[in-house]
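Student: Supplied structure: run.txt, compact mmCIF, C-alpha atoms.
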```txt
# COMPACT_ATOMS: atom_id res chain seq x y z
CA MET X 1 -8.97 -55.26 -7.83
CA SER X 2 -8.29 -58.89 -8.67
CA TYR X 3 -5.02 -60.79 -8.91
CA VAL X 4 -4.08 -64.33 -9.88
CA VAL X 5 -1.46 -66.09 -7.77
CA GLU X 6 1.56 -67.19 -9.81
CA GLU X 7 3.25 -69.34 -7.16
CA ASP X 8 2.37 -70.80 -3.76
CA SER X 9 2.91 -68.41 -0.84
CA THR X 10 1.16 -66.92 2.16
CA LEU X 11 -1.59 -64.40 1.58
CA SER X 12 0.39 -61.70 3.38
CA SER X 13 3.54 -62.32 1.33
CA PHE X 14 1.56 -62.01 -1.90
CA LEU X 15 -0.24 -58.81 -0.88
CA GLU X 16 2.85 -57.14 0.59
CA LYS X 17 4.40 -57.14 -2.87
CA LYS X 18 1.66 -54.70 -3.85
CA PHE X 19 0.75 -52.90 -0.62
CA THR X 20 2.40 -51.89 2.65
CA LYS X 21 2.25 -54.23 5.63
CA LYS X 22 -0.02 -51.75 7.41
CA GLN X 23 -2.43 -51.66 4.45
CA VAL X 24 -2.53 -55.46 4.23
CA LYS X 25 -3.39 -55.79 7.92
CA GLN X 26 -6.15 -53.21 7.52
CA TYR X 27 -7.62 -54.99 4.48
CA LEU X 28 -7.71 -58.27 6.42
CA LYS X 29 -9.14 -56.65 9.54
CA ASN X 30 -11.91 -55.02 7.49
CA ARG X 31 -12.73 -58.36 5.79
CA GLU X 32 -12.00 -56.83 2.39
CA VAL X 33 -9.87 -59.69 1.02
CA PHE X 34 -11.44 -62.59 -0.87
CA VAL X 35 -9.62 -65.75 -1.96
CA ASN X 36 -11.52 -67.62 -4.66
CA GLY X 37 -14.64 -65.71 -3.69
CA GLN X 38 -14.52 -66.40 0.05
CA ILE X 39 -13.57 -63.85 2.71
CA GLN X 40 -10.14 -64.50 4.19
CA THR X 41 -8.85 -62.72 7.32
CA HIS X 42 -5.83 -64.87 8.26
CA TYR X 43 -2.47 -63.17 7.71
CA ASN X 44 -0.59 -66.41 7.04
CA PHE X 45 -3.28 -68.15 4.99
CA LEU X 46 -1.69 -70.29 2.28
CA VAL X 47 -2.57 -69.38 -1.30
CA LYS X 48 -1.77 -71.59 -4.27
CA GLU X 49 -0.89 -71.04 -7.89
CA LYS X 50 -3.93 -69.88 -9.91
CA ASP X 51 -5.90 -68.83 -6.82
CA GLU X 52 -7.77 -65.57 -7.38
CA ILE X 53 -7.36 -62.82 -4.79
CA THR X 54 -9.83 -59.95 -4.86
CA LEU X 55 -9.75 -56.75 -2.82
CA VAL X 56 -12.96 -54.83 -2.30
CA LYS X 57 -13.97 -51.77 -0.32
CA ARG X 58 -16.32 -52.30 2.60
CA LEU X 59 -18.60 -49.31 3.08
CA GLU X 60 -20.94 -48.49 5.95
CA ASN X 61 -23.64 -51.03 6.82
CA ASP X 62 -21.41 -53.86 5.58
CA ILE X 63 -21.91 -52.98 1.90
CA LEU X 64 -19.20 -54.32 -0.40
CA LEU X 65 -18.15 -52.03 -3.25
CA LEU X 66 -17.14 -54.38 -6.06
CA TYR X 67 -16.48 -51.87 -8.85
CA GLU X 68 -16.59 -48.13 -9.47
CA ASP X 69 -15.94 -45.79 -12.37
CA LYS X 70 -17.20 -42.30 -13.26
CA ASP X 71 -20.57 -43.70 -14.39
CA ILE X 72 -21.53 -46.68 -12.23
CA LEU X 73 -21.20 -48.40 -8.87
CA ILE X 74 -21.42 -52.18 -8.50
CA VAL X 75 -22.17 -53.34 -4.97
CA ASP X 76 -23.00 -56.48 -3.03
CA LYS X 77 -26.24 -55.71 -1.19
CA PRO X 78 -26.50 -57.29 2.28
CA TYR X 79 -29.50 -59.31 3.41
CA HIS X 80 -32.35 -57.49 5.20
CA MET X 81 -31.52 -54.09 3.66
CA LEU X 82 -34.02 -52.04 1.69
CA THR X 83 -32.87 -50.69 -1.65
CA ILE X 84 -34.68 -47.39 -1.12
CA ALA X 85 -36.55 -45.85 1.81
CA ASP X 86 -40.14 -46.58 2.75
CA LEU X 87 -42.29 -44.72 5.27
CA LYS X 88 -40.82 -46.62 8.21
CA ARG X 89 -37.09 -46.94 7.41
CA LYS X 90 -34.65 -44.53 5.85
CA ASN X 91 -31.37 -46.40 6.47
CA THR X 92 -31.13 -48.03 3.05
CA LEU X 93 -28.67 -49.08 0.39
CA TYR X 94 -29.46 -45.90 -1.53
CA THR X 95 -28.76 -43.59 1.43
CA SER X 96 -25.51 -45.38 2.26
CA LEU X 97 -24.23 -45.12 -1.31
CA SER X 98 -25.39 -41.52 -1.62
CA SER X 99 -23.40 -40.71 1.52
CA TYR X 100 -20.35 -42.47 0.07
CA VAL X 101 -20.31 -40.54 -3.22
CA LYS X 102 -21.01 -37.20 -1.48
CA LYS X 103 -17.88 -37.67 0.63
CA GLN X 104 -15.96 -37.49 -2.64
CA ASN X 105 -17.88 -34.44 -3.83
CA ILE X 106 -20.96 -32.92 -2.17
CA LYS X 107 -22.57 -32.47 -5.60
CA ASN X 108 -22.35 -36.17 -6.47
CA LYS X 109 -25.55 -38.20 -6.82
CA ILE X 110 -26.52 -41.80 -7.45
CA TYR X 111 -29.50 -43.18 -9.36
CA ILE X 112 -31.40 -46.43 -8.86
CA VAL X 113 -31.38 -48.66 -11.94
CA HIS X 114 -33.12 -51.74 -10.50
CA ARG X 115 -34.01 -53.24 -7.13
CA LEU X 116 -33.65 -56.38 -5.07
CA ASP X 117 -36.12 -57.46 -2.41
CA GLN X 118 -35.20 -56.42 1.10
CA GLU X 119 -34.71 -60.10 1.96
CA THR X 120 -32.47 -60.82 -1.06
CA ALA X 121 -28.72 -60.17 -1.14
CA GLY X 122 -26.35 -59.86 -4.07
CA ILE X 123 -24.98 -57.83 -6.95
CA MET X 124 -26.59 -54.53 -7.95
CA VAL X 125 -25.67 -51.67 -10.25
CA PHE X 126 -26.26 -47.99 -9.51
CA ALA X 127 -25.73 -45.11 -11.92
CA LYS X 128 -23.87 -41.92 -11.09
CA ASN X 129 -25.79 -39.76 -13.55
CA SER X 130 -29.28 -39.73 -15.06
CA ASP X 131 -28.06 -40.34 -18.62
CA ILE X 132 -26.36 -43.63 -17.68
CA LYS X 133 -29.39 -44.64 -15.62
CA GLU X 134 -31.73 -44.14 -18.58
CA LYS X 135 -29.46 -46.01 -20.97
CA LEU X 136 -29.13 -48.97 -18.62
CA GLN X 137 -32.87 -49.14 -18.06
CA GLN X 138 -33.63 -48.82 -21.78
CA ASN X 139 -31.51 -51.91 -22.44
CA TRP X 140 -32.41 -53.78 -19.25
CA ASN X 141 -33.93 -56.71 -21.14
CA GLU X 142 -30.45 -57.41 -22.53
CA VAL X 143 -28.87 -57.58 -19.07
CA THR X 144 -28.00 -61.08 -17.81
CA ARG X 145 -29.15 -61.61 -14.24
CA GLU X 146 -28.50 -64.87 -12.46
CA TYR X 147 -29.36 -65.95 -8.95
CA GLN X 148 -28.49 -68.92 -6.79
CA ALA X 149 -30.83 -70.32 -4.19
CA LEU X 150 -31.48 -73.17 -1.79
CA VAL X 151 -35.00 -74.59 -2.07
CA HIS X 152 -36.87 -77.22 -0.10
CA GLY X 153 -37.23 -80.61 -1.75
CA LYS X 154 -35.86 -82.11 -4.94
CA VAL X 155 -36.61 -80.11 -8.07
CA LYS X 156 -36.12 -81.26 -11.66
CA GLU X 157 -32.61 -81.08 -13.11
CA ASN X 158 -33.72 -78.08 -15.14
CA ASP X 159 -37.00 -76.42 -15.96
CA THR X 160 -38.72 -73.21 -17.03
CA LEU X 161 -41.35 -71.89 -14.62
CA HIS X 162 -44.04 -69.87 -16.36
CA PHE X 163 -46.72 -68.11 -14.31
CA HIS X 164 -48.97 -65.08 -14.40
CA LEU X 165 -48.68 -63.02 -11.24
CA LYS X 166 -50.91 -60.58 -9.46
CA GLU X 167 -50.53 -58.63 -6.19
CA ASN X 168 -53.29 -58.28 -3.58
CA ARG X 169 -53.96 -55.41 -1.20
CA ALA X 170 -51.75 -57.01 1.44
CA MET X 171 -48.86 -56.76 -1.08
CA GLN X 172 -48.76 -60.54 -1.39
CA VAL X 173 -47.90 -61.73 -4.91
CA TYR X 174 -49.65 -64.87 -6.16
CA ALA X 175 -50.00 -66.92 -9.33
CA THR X 176 -53.36 -66.96 -11.07
CA LYS X 177 -55.01 -67.30 -14.46
CA LYS X 178 -53.91 -64.87 -17.13
CA ASP X 179 -56.02 -61.73 -17.45
CA GLN X 180 -55.52 -58.05 -18.24
CA TYR X 181 -54.16 -57.38 -14.75
CA THR X 182 -51.63 -60.19 -14.43
CA LYS X 183 -47.93 -59.95 -15.28
CA GLU X 184 -46.11 -62.75 -17.04
CA ALA X 185 -43.18 -64.24 -15.10
CA ILE X 186 -40.64 -66.57 -16.73
CA THR X 187 -37.95 -68.18 -14.59
CA GLU X 188 -35.39 -70.73 -15.80
CA TYR X 189 -33.33 -72.84 -13.43
CA THR X 190 -30.79 -75.66 -13.30
CA ARG X 191 -30.32 -77.90 -10.28
CA LEU X 192 -26.64 -77.89 -9.30
CA CYS X 193 -26.80 -80.18 -6.29
CA PHE X 194 -29.20 -82.05 -3.98
CA LYS X 195 -28.32 -82.64 -0.31
CA LYS X 196 -30.28 -83.10 2.91
CA ASN X 197 -33.57 -82.74 1.00
CA ILE X 198 -32.39 -79.31 -0.22
CA SER X 199 -31.83 -78.39 -3.88
CA PHE X 200 -29.14 -75.88 -4.79
CA VAL X 201 -30.23 -74.13 -7.98
CA ASN X 202 -28.91 -71.57 -10.46
CA ILE X 203 -31.65 -69.27 -11.75
CA THR X 204 -31.96 -67.00 -14.76
CA ILE X 205 -34.92 -64.65 -14.93
CA LYS X 206 -36.41 -63.70 -18.28
CA THR X 207 -38.80 -61.18 -16.73
CA GLY X 208 -38.31 -58.93 -13.72
CA ARG X 209 -41.49 -59.22 -11.68
CA LYS X 210 -41.86 -58.48 -7.99
CA HIS X 211 -41.12 -61.61 -5.90
CA GLN X 212 -41.03 -63.63 -9.14
CA ILE X 213 -38.49 -66.24 -8.05
CA ARG X 214 -39.97 -66.72 -4.59
CA VAL X 215 -43.54 -67.18 -5.83
CA SER X 216 -42.50 -69.44 -8.72
CA PHE X 217 -40.70 -71.93 -6.46
CA LYS X 218 -43.57 -71.80 -3.97
CA GLU X 219 -45.94 -72.77 -6.80
CA ILE X 220 -43.99 -75.97 -7.54
CA GLY X 221 -43.97 -76.90 -3.85
CA CYS X 222 -40.30 -76.09 -3.28
CA PRO X 223 -40.13 -72.72 -1.51
CA ILE X 224 -36.80 -71.02 -0.88
CA LEU X 225 -35.19 -71.63 2.50
CA GLY X 226 -35.85 -68.81 4.92
CA ASP X 227 -38.82 -67.45 2.99
CA THR X 228 -41.29 -66.67 5.76
CA LYS X 229 -43.62 -64.82 3.38
CA TYR X 230 -44.01 -67.45 0.66
CA GLY X 231 -42.52 -70.53 2.28
CA LYS X 232 -42.58 -71.95 5.78
CA LYS X 233 -40.91 -71.39 9.12
CA ASP X 234 -37.72 -73.42 8.87
CA GLY X 235 -35.49 -71.64 11.40
CA CYS X 236 -33.29 -69.97 8.76
CA LYS X 237 -31.99 -66.50 9.62
CA HIS X 238 -32.37 -65.13 6.12
CA LEU X 239 -33.73 -65.87 2.66
CA TYR X 240 -31.35 -68.17 0.78
CA LEU X 241 -31.59 -66.26 -2.49
CA TYR X 242 -28.51 -64.51 -3.81
CA ALA X 243 -28.05 -62.37 -6.94
CA SER X 244 -24.77 -63.94 -8.05
CA LYS X 245 -24.20 -62.59 -11.57
CA LEU X 246 -24.78 -59.35 -13.46
CA GLU X 247 -23.57 -58.87 -17.02
CA PHE X 248 -24.22 -55.90 -19.29
CA ILE X 249 -22.69 -53.59 -21.87
CA HIS X 250 -21.32 -50.39 -20.37
CA PRO X 251 -23.45 -47.56 -21.85
CA ARG X 252 -20.49 -45.23 -22.30
CA THR X 253 -17.57 -47.50 -23.24
CA GLY X 254 -19.45 -50.25 -25.05
CA LYS X 255 -17.45 -52.88 -23.16
CA MET X 256 -19.11 -56.00 -21.78
CA LEU X 257 -18.90 -56.00 -17.98
CA THR X 258 -19.33 -59.24 -16.06
CA PHE X 259 -19.64 -59.40 -12.29
CA ILE X 260 -19.83 -62.78 -10.57
CA LYS X 261 -19.81 -63.27 -6.82
CA PRO X 262 -19.71 -66.70 -5.19
CA ILE X 263 -22.47 -67.65 -2.79
CA PRO X 264 -22.25 -66.65 0.89
CA ASP X 265 -20.45 -69.05 3.20
CA ASP X 266 -23.64 -70.38 4.81
CA PHE X 267 -24.76 -71.85 1.46
CA ILE X 268 -21.70 -74.12 1.32
CA PRO X 269 -22.92 -77.02 3.53
CA PHE X 270 -25.70 -77.64 0.98
CA THR X 271 -23.55 -77.43 -2.16
```
For the structure just supplied, provide its representation as structure tokens.
Tutor:
Amino acid sequence: MSYVVEEDSTLSSFLEKKFTKKQVKQYLKNREVFVNGQIQTHYNFLVKEKDEITLVKRLENDILLLYEDKDILIVDKPYHMLTIADLKRKNTLYTSLSSYVKKQNIKNKIYIVHRLDQETAGIMVFAKNSDIKEKLQQNWNEVTREYQALVHGKVKENDTLHFHLKENRAMQVYATKKDQYTKEAITEYTRLCFKKNISFVNITIKTGRKHQIRVSFKEIGCPILGDTKYGKKDGCKHLYLYASKLEFIHPRTGKMLTFIKPIPDDFIPFT
């Protein structure tokens, strides 16, 4: 749920026109209130005219539920969380969301439409039935996916990175000459800011290859901050790559849905 502030007031005063005082305190305690895209927990925080206030639902494992209808779930995936289980770990985004929908009805299911790397955070869509999953995947090339990242060094103001990728037995992806086994990877970016020898970039991917963004920026000598696999040890606690925008046509309603989430707070000193 999103609201636009019509006149200056405190956050609590604005929300208590729509919810009970007890509900407002609970929303703030659970860190489920965003003001202009940033989490706000202070009861008497001052909001100004035209500020945007968004309420989300925080599920288990710190997963933010951004949108839900009878066909889809839109969530903000946390860093360091697998999308689906591997042989070692079963506590994943999929299992958490499956548990959530089954609390509503034990027969409910969810379906994976796409994935994000374990190290990457950001917006993802899940389907609630196989028909919607298939329709989304069939039209996936028409989906707009944008990322924002912090990369080492000063990159060009904008560029298109075009590589052919291959994966070795150690599951390391690398760029090489084109052959019958490589996969084409096209990544467009715009530099938004440059501070402290760090470039803040907005990225649009034209292909969806494994580790595409990470390998592409490594290849131009500007790896993503916190990328211990393709970059360097820089002391960062996580990979500074965030899936910030997802836009697609709803398979059932035909309406264009746009989901945009501002970067995490720890990006801000570099922007």
Student: Every residue with an atom at most 7 Å from (-25.2, -48.6, -16.7) (file coordinates; only C-alpha atoms) is what I'm after, so could you write them as a list in words?
Tutor: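 Here the neighbourhood of the point contains Ile72, Ala127, Ile132, Lys133, Lys135, Leu136, His250 and Pro251 of chain X.
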Student: Extract, using all atoms listed in the file, all DNA, RNA and protein residues at most 12 Å from Lys107 (chain X), discarding same-chain residues fewer than 5 positions from it, and format them as a PyMOL selection string.
Tutor: chain X and resi 98-102+128-129
Student: If I take CA of Phe270 (chain X) and CA of Ile74 (chain X), how far is one from the other in Å, to one decimal?
Tutor: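 Between CA of Phe270 (chain X) and CA of Ile74 (chain X) the gap is 27.5 Å.
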Student: Which one is closest to Leu66 (chain X): X:Phe34, X:Tyr189, X:Trp140, X:Tyr242? Count all atoms listed in the file.
Tutor: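 The shortest atom-to-atom distance to Leu66 (chain X) comes from X:Phe34.
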Student: Quick check, in Å to one decimal: how far apart do CA of Asn139 (chain X) and CA of Glu247 (chain X) lie?
Tutor: 11.9 Å
Student: To one decimal in Å, tell me the separation between CA of Asn158 (chain X) and CA of Ile249 (chain X).
Tutor: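 It comes out at 27.7 Å.
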Student: Taking only C-alpha atoms into account, name the residue in X:Lys245, X:Lys255, X:Lys156, X:Lys25 that is nearest to Met124 (chain X).
Tutor: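 The shortest atom-to-atom distance to Met124 (chain X) comes from X:Lys245.
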Student: Skip Lys237 (chain X) itself and residues of its chain fewer than 6 positions away, then list as a list of chain:residue names all residues within 12 Å of it, counting all atoms listed in the file.
Tutor: X:Tyr79, X:His80, X:Glu119, X:Leu225, X:Gly226, X:Asp227, X:Thr228, X:Asp266
Student: Extending 3 Å beyond the listed atoms of region 202-221 of chain X on each side, what axis-aligned box results? I want centre and edge lengths in Å to one decimal, as JSON.
Tutor:
```
{"center_x": -37.4, "center_y": -67.7, "center_z": -11.1, "size_x": 23.0, "size_y": 24.4, "size_z": 20.4}
```
Student: Which one of X:Val151, X:Ala85, X:Ile260, X:Leu65 sits closest to Gly231 (chain X) if you count only C-alpha atoms?
Tutor: X:Val151
